[in-house]
Every structure is written in C-alpha cells, then in structure tokens.
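Participant: My questions will all concern the structure given below.
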Amino acid sequence: MRSSHTFRKRIFWKLQGAAAGLALLLTAEAAPGAMPSHAPVRPLPAAAKLPAPQGRLLYADTRAKGKGSGTKQSPYASLADAVKRLEPGMTLLLRGGIYRERVVLALQGKANAPITIRAYPGELPILDGGAAEFLEDPAQAWEPVQGGATGEFRSRRDLPAGSSFGRFADSFLPLHGYIDHDDLRSESELWMDEVKHRRTDSKVGIYCGPGLWQDGKGGRVYIRLAATRLASLGERAYSGGNDPRRIPIILDAPGPVLNIKGSRHLRLQGLALRGGGPALHLEDSADIALDHLHLCGEPLALNIQNAERVHVLHTALRGSGAPWLSRAHHRYRSNAGYLVTASGNDLEFGWCEITDGHDGMLLEHANNVRLHHSLIEEFNDDGLEVGSKRPDQHLEFFQNRIARCLLSFSLHGAPNTQRAKGIKTDPGSGVFVFRNVMDMRGDSYGAPPECEGGDWMRRECNVAGDHASPVWPDFYVYHNLLLGTGRAWRNYYALGWARATVDATRRIHNNIVLQAKEVPGWELPPADHDFKAGHNLHFNLSAPGDEVAGKWPQLQKGFPEGDLFEDPDLPALKGETTGTSLLGSKSPALEAGMTLPESWPDPLRKRDAGRPDLGPVPAGCPVEGIGVDGRLPFIPEPMARPSGS
C-alpha cells in the first residue's frame, strides 16, 4: 500500500505537470522510469514576456545544421559564432534549447545603438556550462561505488576540479557540495561533538542530504541521494528518488558560464544560465542591462566587478539552499558563500528575486546602489552586507520584502579596520533603508539536533548583526514595516535597529514595529552616540497598547518623542480585503509621522499628503507587487494573534 506522503507527492507532480514537463522538455528527455526529486519551492525557468524585437536581427539555434549565415532560415548553430558578427544596434535572437558553451562577451555597442542578446519570442534559451551526460543520459553517466555507502554512485569519468555542485533538473533544488567524503557516506544526520569540532579520530561524519563530493586526486564526482530521516524536518525533508541513474542532474563545472569583460552598451534578455560558478561574471564593463534572466549558481550566481551603470531587472537568482539544509551544513560542511557579489558604481537591482542560500548579497565595494521592489528571502546567515563605514558610500534599499534571513543586514570587520574611528562622511552619503517590509517572523534553520529525537536548532531572525564589531555606516531607517515574533536580540529598540551605533549616525523614524508577543525593545544607545529616533509605532498582539506604553517610562528615561503604542490597523495583516491601501481608515499611523529631510530619498513622498503616514505605503497609495514582473505581494501572509492573548 502506497504511503499517503508518496500519494500526495504523485498528485503534486501531476498538478505540476505543465511546469515540470516544460523544464524537462527544455533540458532533456526523461530517462525511462525517471523519478521526481522534490517538489519545486520556486517557479521553474520559463520563457519571458518580452516586447517584439526591433532593428537588425540575427538568429542562432542549437538545432541548426552547419554554421549558418545568421538569418531566420539559416541561423548560426552556436552563440560563439553569432556574437562575432554583432555590431552596434544589432539584436541576436536565440531560439529555445540548451547552448552547451562558455562564451566571453567583449562587445562594444553605442549609447544610442546598444547590442542586444535575447530570447526568441515565447522561447527559453538555456546557457549550460555543465557536463551534458548527467542530464541527457544519467543511466550511463553514473556507476555504483563498490564498498561505498548505501546508494552511493560516482561519475564514470574524471571531471575538472571544482565539479562538486549541481542541482536537480526537475525541481532546480540544489545538491549539497560536500567537502568531506565521510559526510557524504555517513548514516548520521546529528550535529554531535565529533562533527562540530571536526575530530580527526572520528569517522562519524554528518549526512547533509542529497549532494556531491569530488575526489581531488582522481577527479571522479561521487553522488548520494539518500532520504533525510530527521523527523523534526517535517515537510522540509528530502524523500524523493535516490538513484541518480534515473534522475537528470545539472552538474556544475567551475568558472562562469557567461563572461562579460570590457563590454559597453549591452543588453541581455530572457536567458537562463546554469551549470557554472558563477553563472554570470561581469567585469570592467559599463551600461549593461540584465533583464528577465534566471541565474542558478553554487554558491555564486552573479559576480559584478569594477562595473558601472549596471541594471539587473526582473531577474531570479537562486542559491544553494535546499529546504533540508541549515546554516551549520553550509558554514561548516560545505564551501558556501554569497549568491551575489558586486563592486562598482551606479548599480540597480529592481524587481528581482534573490533567494535560498547561506549568504545573500555582498555590496561592500559598491557605491550608488539601488535595490528595490525585490524579494530577499531564505538566507540562513547574512542577507545584505553593505561593508564598513566609508566617506562616500550611498546605498538605497526601498520597497523590498526581506524575509527569513538570520541577519537581514550584516557586516564583517577586518582587525585593521574594525575600529575606523573619525571617518567623516560626505554630504548625502549613508545607507538609506525605507519603505520596506522586514519580516523576521519564524526561525532560521540553524543546525540539526545533537541527539536522536531532538528538534532542529532554530535561530531567531534579526534585523542586524556583525562579526568583529566593525564600524557600521550611517544608517537612515524610515517608513518601514518591521514584523517580529518575540523580543529583539538583546532587547534593542525597533527590533534591533538601535544596535551597532558606535562612531556612526543612526536615524529611525516613521516606522511601524509589529510583534506577535513581547514588548518592543527598550534598549537605546548611550547618550553620546549620534542616535535619534521618534514617531515610530510599536505594538504587540499579546498585550494592549496602554500596557506597553505604561511600562516604557519605567524602563527608559525619556523614550523617543512621538512614539505610539496602538494597533496600527493593517487590514492585510488581519487577512481582510485590503483594496488598494495598506493602512485602515482609522489607523493611528495616519498623519502621525515627522517631516523628514528632503535629501533623504523617497519616491512616495509626494503621494503622502499632510503630515507623513507611518509605514511603507501612504494611505490611498496602491500597494505595488515585487519580484519578477511584480508577481509577488509586497505584504506577506497575515499575522495571527497568539493564542490566549
């Protein structure tokens, strides 16, 4: 008798047939008797809806015979052949299919005549830098390992060093990149002392879930797809197919799939990149637009170095985080890192989905950055790292939803810079965090249990945290909605925004701080810090507002001026029909804010009549969607009142 779980899974895949079938048709025919891996947790790559192509057109098609001449009737057979013919003003249309090549683009368009490489209308071109046989003929790509662990296989040939990352082709969920063969072979999933401290006299190891390990000497890649057995994982567990000969795998090879170097005035549209690390590398280039891309990288999907005027729009960037993987797995049992790294000037990330990994974005050496209308979600360590204080740094984060990150904002500090006192910042510099929803409800998966029957170790999500106590940049935090479950870390004001204020300016105004339980953070910085806050609304769903307000003067001398302790009346968080407004008609947040300096950026300021409304969306202003094509809601699921309150 089939289990109810298996039955539900088969029903799921039947319902997902259109999406999953499309993915397999665009990658390879499924092997006979192919088994699904795991239900997708994010949308699979699909053809983008792009405007009709204009201008001088060239064509490329993987199905073409011969080199072709670039016409629609006689397309080029490869991307490499086609790009050699591109001139300013030209558009190269790629037909759907897999382009198994790694290409360096050094293209020189013009400001009024850029070069465009884009998908043919209604089709999805996939640039894949990995080895083909693991996707197209998995039955012949793997062989059982004699004397290995149950379900252990290895590649039939050597592969380039660094080929220890990949993902399932059907669900696009990543495989763990093992650095220890004992871990891949282990029958234990417990975070015991022998594992935590890497005892050399122990061969216990820890199985982290489906993954890959490469023999550094011989170059063979080993794979094991055994189910995870931790009961506490629940629906997060892996219970899919365990024979890689029946499951198509996208196996990464080291190095970028697409390498853009020294290019000017270039547009990429509607492409999917996978099978390399990073998927896309962009260096020493200017005026580059990346539009409607799907980038998968383990651990790095996009690397921007020394570039300017780069616009990343409507792009999905998926990392190395599967539901069964924790911070401990990534940090201590793999080579995890940032999903996006960027340096340069004038960089924009808009309507993007940056999700699922260990660390999110590293912007330490980037300036004039605008991250907006995007989803930053599911990072079990650092979400956004902006780097230590600099004289001229200007970063803007607005109208994003930041959710389920262990640290939404994080910093690292080297010993010689962690106490960079006396830095004087230029006018207009700083990090501006405004009009966002920062959702810290729930816990991050910190580590597996230490003993049989134990629960996985949860870690509370926090708004800010650092390593080695570097000097934070000047932060201006205004018009946000902060959602928390319990007491802020170390009881800092505004769910954590009052920490890390040494030698830095901090302003916190016009925010709504809503908690399921516990009183708002009481702890404020010392009086000699450059810290100002006020006109914020604090409320928790477990205690009346007057009770919270009554405690405040007893615990803190002179609480910030203008703060409110009332139910903000947000219909969307009550599960009610919201219409086009975030604030209810009787919300105390209406016209309760303070007027902010004109120099602080805010595209919604003119929509806020009278005194400013608190929170991210003024009354009467439509609540815009976020993510690719604005498909995701800006406001998350309702916030339930704790039972018994």
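In the structure tokens, the first chain shown is A, the next is B, and so on; residue numbers restart at 1 for each chain, and ligands run from 1 in the order shown.
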Name the residues of range 177-413 of chain A that come out as alpha helix (DSSP H) in a backbone DSSP run; write them as a PyMOL selection string.
Facilitator: chain A and resi 181-185+193-196+327-333
Participant: Which residues, written as an MDAnalysis selection string, have at least one atom at most 12 Å from Pro526 in chain A, with only C-alpha atoms counted and residues fewer than 2 positions away on the same chain left out?
Facilitator: chainID A and resid 498:503 523:524 528:532 556:557
Participant: Can you pull out the residues contacting range 268-278 of chain A? Cut-off 6 Å, using only C-alpha atoms, and skip same-chain residues under 6 positions away; I want them as a PyMOL selection string.
Facilitator: chain A and resi 48+116-119+125-130+251-257+290-298+300-302
Participant: I want to know what sits within 8 Å of range 587-599 of chain A, based on only C-alpha atoms, with residues of the same chain fewer than 4 positions away left out; could you give that as a list of chain:residue names?
Facilitator: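 Final neighbour list, sorted by chain and number: A:Gly428, A:His509, A:Asn510, A:His535, A:Asn536, A:Leu537, A:Glu566, A:Asp567, A:Pro568, A:Asp569, A:Leu570, A:Leu583, A:Gly610, A:Arg611, A:Pro612, A:Asp613, A:Leu614, A:Gly615, A:Ala619.
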Participant: Which residues are near Cys208 in chain A? Cut-off 10 Å, only C-alpha atoms, ignore same chain within fewer than 6 positions. Put them as a PDB file with N, CA and C atoms, in the first residue's frame.
Facilitator:
```
ATOM      1  N   LEU A 175      21.984  20.542  -4.934  1.00  0.00           N
ATOM      2  CA  LEU A 175      22.641  19.441  -4.245  1.00  0.00           C
ATOM      3  C   LEU A 175      23.723  20.014  -3.347  1.00  0.00           C
ATOM      4  N   HIS A 176      23.886  19.421  -2.170  1.00  0.00           N
ATOM      5  CA  HIS A 176      24.887  19.913  -1.229  1.00  0.00           C
ATOM      6  C   HIS A 176      26.290  19.640  -1.785  1.00  0.00           C
ATOM      7  N   GLY A 177      27.153  20.639  -1.701  1.00  0.00           N
ATOM      8  CA  GLY A 177      28.535  20.474  -2.140  1.00  0.00           C
ATOM      9  C   GLY A 177      29.412  20.015  -0.985  1.00  0.00           C
ATOM     10  N   TYR A 178      29.600  18.708  -0.875  1.00  0.00           N
ATOM     11  CA  TYR A 178      30.361  18.147   0.249  1.00  0.00           C
ATOM     12  C   TYR A 178      31.857  18.425   0.092  1.00  0.00           C
ATOM     13  N   ASP A 183      31.323  12.640   5.276  1.00  0.00           N
ATOM     14  CA  ASP A 183      29.990  13.220   5.436  1.00  0.00           C
ATOM     15  C   ASP A 183      29.019  12.636   4.409  1.00  0.00           C
ATOM     16  N   LEU A 184      29.448  12.571   3.169  1.00  0.00           N
ATOM     17  CA  LEU A 184      28.574  12.031   2.129  1.00  0.00           C
ATOM     18  C   LEU A 184      28.154  10.602   2.449  1.00  0.00           C
ATOM     19  N   ARG A 185      29.046   9.831   3.051  1.00  0.00           N
ATOM     20  CA  ARG A 185      28.790   8.417   3.318  1.00  0.00           C
ATOM     21  C   ARG A 185      28.136   8.162   4.672  1.00  0.00           C
ATOM     22  N   SER A 186      28.012   9.184   5.482  1.00  0.00           N
ATOM     23  CA  SER A 186      27.553   8.976   6.854  1.00  0.00           C
ATOM     24  C   SER A 186      26.091   8.541   6.903  1.00  0.00           C
ATOM     25  N   GLU A 187      25.787   7.731   7.911  1.00  0.00           N
ATOM     26  CA  GLU A 187      24.403   7.353   8.194  1.00  0.00           C
ATOM     27  C   GLU A 187      23.812   8.226   9.306  1.00  0.00           C
ATOM     28  N   SER A 188      24.603   9.132   9.831  1.00  0.00           N
ATOM     29  CA  SER A 188      24.142  10.021  10.901  1.00  0.00           C
ATOM     30  C   SER A 188      23.827  11.395  10.330  1.00  0.00           C
ATOM     31  N   GLU A 189      22.782  12.022  10.852  1.00  0.00           N
ATOM     32  CA  GLU A 189      22.431  13.393  10.485  1.00  0.00           C
ATOM     33  C   GLU A 189      22.493  14.318  11.697  1.00  0.00           C
ATOM     34  N   LEU A 190      23.149  13.888  12.762  1.00  0.00           N
ATOM     35  CA  LEU A 190      23.148  14.618  14.025  1.00  0.00           C
ATOM     36  C   LEU A 190      24.359  15.541  14.130  1.00  0.00           C
ATOM     37  N   ALA A 226      20.322   9.840  -0.820  1.00  0.00           N
ATOM     38  CA  ALA A 226      19.531   9.174   0.217  1.00  0.00           C
ATOM     39  C   ALA A 226      18.568  10.161   0.859  1.00  0.00           C
ATOM     40  N   ALA A 227      17.449   9.632   1.332  1.00  0.00           N
ATOM     41  CA  ALA A 227      16.459  10.466   2.011  1.00  0.00           C
ATOM     42  C   ALA A 227      17.011  10.972   3.339  1.00  0.00           C
ATOM     43  N   THR A 228      16.536  12.134   3.751  1.00  0.00           N
ATOM     44  CA  THR A 228      16.847  12.617   5.094  1.00  0.00           C
ATOM     45  C   THR A 228      15.811  12.042   6.058  1.00  0.00           C
ATOM     46  N   TRP A 324      16.138  21.254   3.346  1.00  0.00           N
ATOM     47  CA  TRP A 324      16.696  20.403   4.402  1.00  0.00           C
ATOM     48  C   TRP A 324      18.097  20.842   4.835  1.00  0.00           C
ATOM     49  N   LEU A 325      18.598  21.951   4.306  1.00  0.00           N
ATOM     50  CA  LEU A 325      19.947  22.404   4.625  1.00  0.00           C
ATOM     51  C   LEU A 325      19.915  23.558   5.624  1.00  0.00           C
ATOM     52  N   SER A 326      20.824  23.520   6.607  1.00  0.00           N
ATOM     53  CA  SER A 326      20.883  24.518   7.666  1.00  0.00           C
ATOM     54  C   SER A 326      22.122  25.394   7.532  1.00  0.00           C
ATOM     55  N   ALA A 328      24.506  25.438   9.697  1.00  0.00           N
ATOM     56  CA  ALA A 328      25.652  24.596  10.057  1.00  0.00           C
ATOM     57  C   ALA A 328      26.125  23.772   8.867  1.00  0.00           C
ATOM     58  N   HIS A 329      25.189  23.232   8.090  1.00  0.00           N
ATOM     59  CA  HIS A 329      25.571  22.477   6.896  1.00  0.00           C
ATOM     60  C   HIS A 329      26.369  23.346   5.936  1.00  0.00           C
ATOM     61  N   HIS A 330      25.872  24.558   5.694  1.00  0.00           N
ATOM     62  CA  HIS A 330      26.525  25.439   4.728  1.00  0.00           C
ATOM     63  C   HIS A 330      27.861  25.969   5.248  1.00  0.00           C
ATOM     64  N   ARG A 333      30.172  22.513   6.663  1.00  0.00           N
ATOM     65  CA  ARG A 333      30.300  21.260   5.931  1.00  0.00           C
ATOM     66  C   ARG A 333      30.226  21.462   4.424  1.00  0.00           C
ATOM     67  N   SER A 334      30.495  22.665   3.954  1.00  0.00           N
ATOM     68  CA  SER A 334      30.476  22.951   2.522  1.00  0.00           C
ATOM     69  C   SER A 334      31.286  24.214   2.278  1.00  0.00           C
ATOM     70  N   PRO A 448      21.116  20.891  12.706  1.00  0.00           N
ATOM     71  CA  PRO A 448      20.348  19.694  13.058  1.00  0.00           C
ATOM     72  C   PRO A 448      20.425  19.442  14.564  1.00  0.00           C
TER      73      PRO A 448
END
```
Participant: Which residues are close to Thr62 in chain A, i.e. within 10 Å by only C-alpha atoms, leaving aside same-chain residues fewer than 6 positions away? Reply as a list in words.
Facilitator: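 Selected residues are Pro75, Tyr76, Ala77, Ser78, Leu79, Leu94, Arg95, Gly96, Gly97, Ile98, Tyr99, Arg100 and Pro125 of chain A.
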Participant: For range 366-369 of chain A, list every protein, DNA or RNA residue within 12 Å, evaluated using only C-alpha atoms, and leave out those in the same chain fewer than 6 positions away; present the list as a PyMOL selection string.
Facilitator: chain A and resi 303-312+340-350+385-398+428-433
Participant: Hey, can you spit out that residue selection with C-alpha atoms as a PDB file, in the first residue's frame?
Facilitator:
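out_24.pdb was written with the following content:
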```pdb
ATOM      1  CA  ASN A 303      29.614  38.412  -9.807  1.00  0.00           C
ATOM      2  CA  ILE A 304      29.955  42.075 -10.792  1.00  0.00           C
ATOM      3  CA  GLN A 305      33.457  43.548 -10.610  1.00  0.00           C
ATOM      4  CA  ASN A 306      34.515  47.111 -11.325  1.00  0.00           C
ATOM      5  CA  ALA A 307      31.460  47.934 -13.414  1.00  0.00           C
ATOM      6  CA  GLU A 308      29.242  50.956 -13.732  1.00  0.00           C
ATOM      7  CA  ARG A 309      25.681  51.621 -14.838  1.00  0.00           C
ATOM      8  CA  VAL A 310      24.562  48.025 -14.466  1.00  0.00           C
ATOM      9  CA  HIS A 311      20.828  47.351 -14.279  1.00  0.00           C
ATOM     10  CA  VAL A 312      19.612  43.930 -13.114  1.00  0.00           C
ATOM     11  CA  VAL A 340      25.578  37.921  -5.435  1.00  0.00           C
ATOM     12  CA  THR A 341      28.766  39.961  -5.122  1.00  0.00           C
ATOM     13  CA  ALA A 342      29.076  43.404  -6.653  1.00  0.00           C
ATOM     14  CA  SER A 343      31.639  46.181  -6.846  1.00  0.00           C
ATOM     15  CA  GLY A 344      31.490  49.321  -8.910  1.00  0.00           C
ATOM     16  CA  ASN A 345      29.296  52.378  -9.248  1.00  0.00           C
ATOM     17  CA  ASP A 346      25.691  53.062 -10.193  1.00  0.00           C
ATOM     18  CA  LEU A 347      24.200  49.583  -9.810  1.00  0.00           C
ATOM     19  CA  GLU A 348      20.475  48.818  -9.822  1.00  0.00           C
ATOM     20  CA  PHE A 349      18.625  45.666  -8.786  1.00  0.00           C
ATOM     21  CA  GLY A 350      14.898  46.019  -9.400  1.00  0.00           C
ATOM     22  CA  GLU A 385      26.152  43.050   3.645  1.00  0.00           C
ATOM     23  CA  VAL A 386      26.975  46.673   2.923  1.00  0.00           C
ATOM     24  CA  GLY A 387      30.516  46.883   4.295  1.00  0.00           C
ATOM     25  CA  SER A 388      32.080  49.085   6.938  1.00  0.00           C
ATOM     26  CA  LYS A 389      31.762  52.851   7.053  1.00  0.00           C
ATOM     27  CA  ARG A 390      33.246  54.777   4.127  1.00  0.00           C
ATOM     28  CA  PRO A 391      33.296  58.534   3.405  1.00  0.00           C
ATOM     29  CA  ASP A 392      31.292  58.440   0.163  1.00  0.00           C
ATOM     30  CA  GLN A 393      29.081  55.360   0.363  1.00  0.00           C
ATOM     31  CA  HIS A 394      25.489  55.784  -0.848  1.00  0.00           C
ATOM     32  CA  LEU A 395      23.147  52.793  -0.906  1.00  0.00           C
ATOM     33  CA  GLU A 396      19.348  52.730  -1.155  1.00  0.00           C
ATOM     34  CA  PHE A 397      17.123  49.788  -0.199  1.00  0.00           C
ATOM     35  CA  PHE A 398      13.449  50.526  -0.747  1.00  0.00           C
ATOM     36  CA  GLY A 428      24.320  62.669   1.166  1.00  0.00           C
ATOM     37  CA  SER A 429      26.265  59.524   1.988  1.00  0.00           C
ATOM     38  CA  GLY A 430      24.983  56.643   4.052  1.00  0.00           C
ATOM     39  CA  VAL A 431      22.701  53.637   3.784  1.00  0.00           C
ATOM     40  CA  PHE A 432      19.035  54.519   3.314  1.00  0.00           C
ATOM     41  CA  VAL A 433      16.563  51.785   4.273  1.00  0.00           C
TER      42      VAL A 433
END
```
Participant: So how many Å separate CA of Glu152 in chain A and CA of Asp180 in chain A, to one decimal?
Facilitator: 14.1 Å
Participant: Using DSSP assignments from the backbone, pull out every residue in range 284-327 of chain A that falls under strand (DSSP E or B) and give it to me as JSON, numbers by chain.
Facilitator: {"A": [286, 287, 288, 289, 290, 291, 294, 295, 296, 302, 303, 304, 305, 306, 307, 308, 309, 310, 311, 312, 313, 316, 317, 318]}
Participant: Given only C-alpha atoms as the basis, pick out the residue of A:Ser320, A:Thr425, A:Asn491, A:Thr355 nearest to Arg42 in chain A.
Facilitator: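 For Arg42 in chain A, the nearest of the given residues is A:Thr355.
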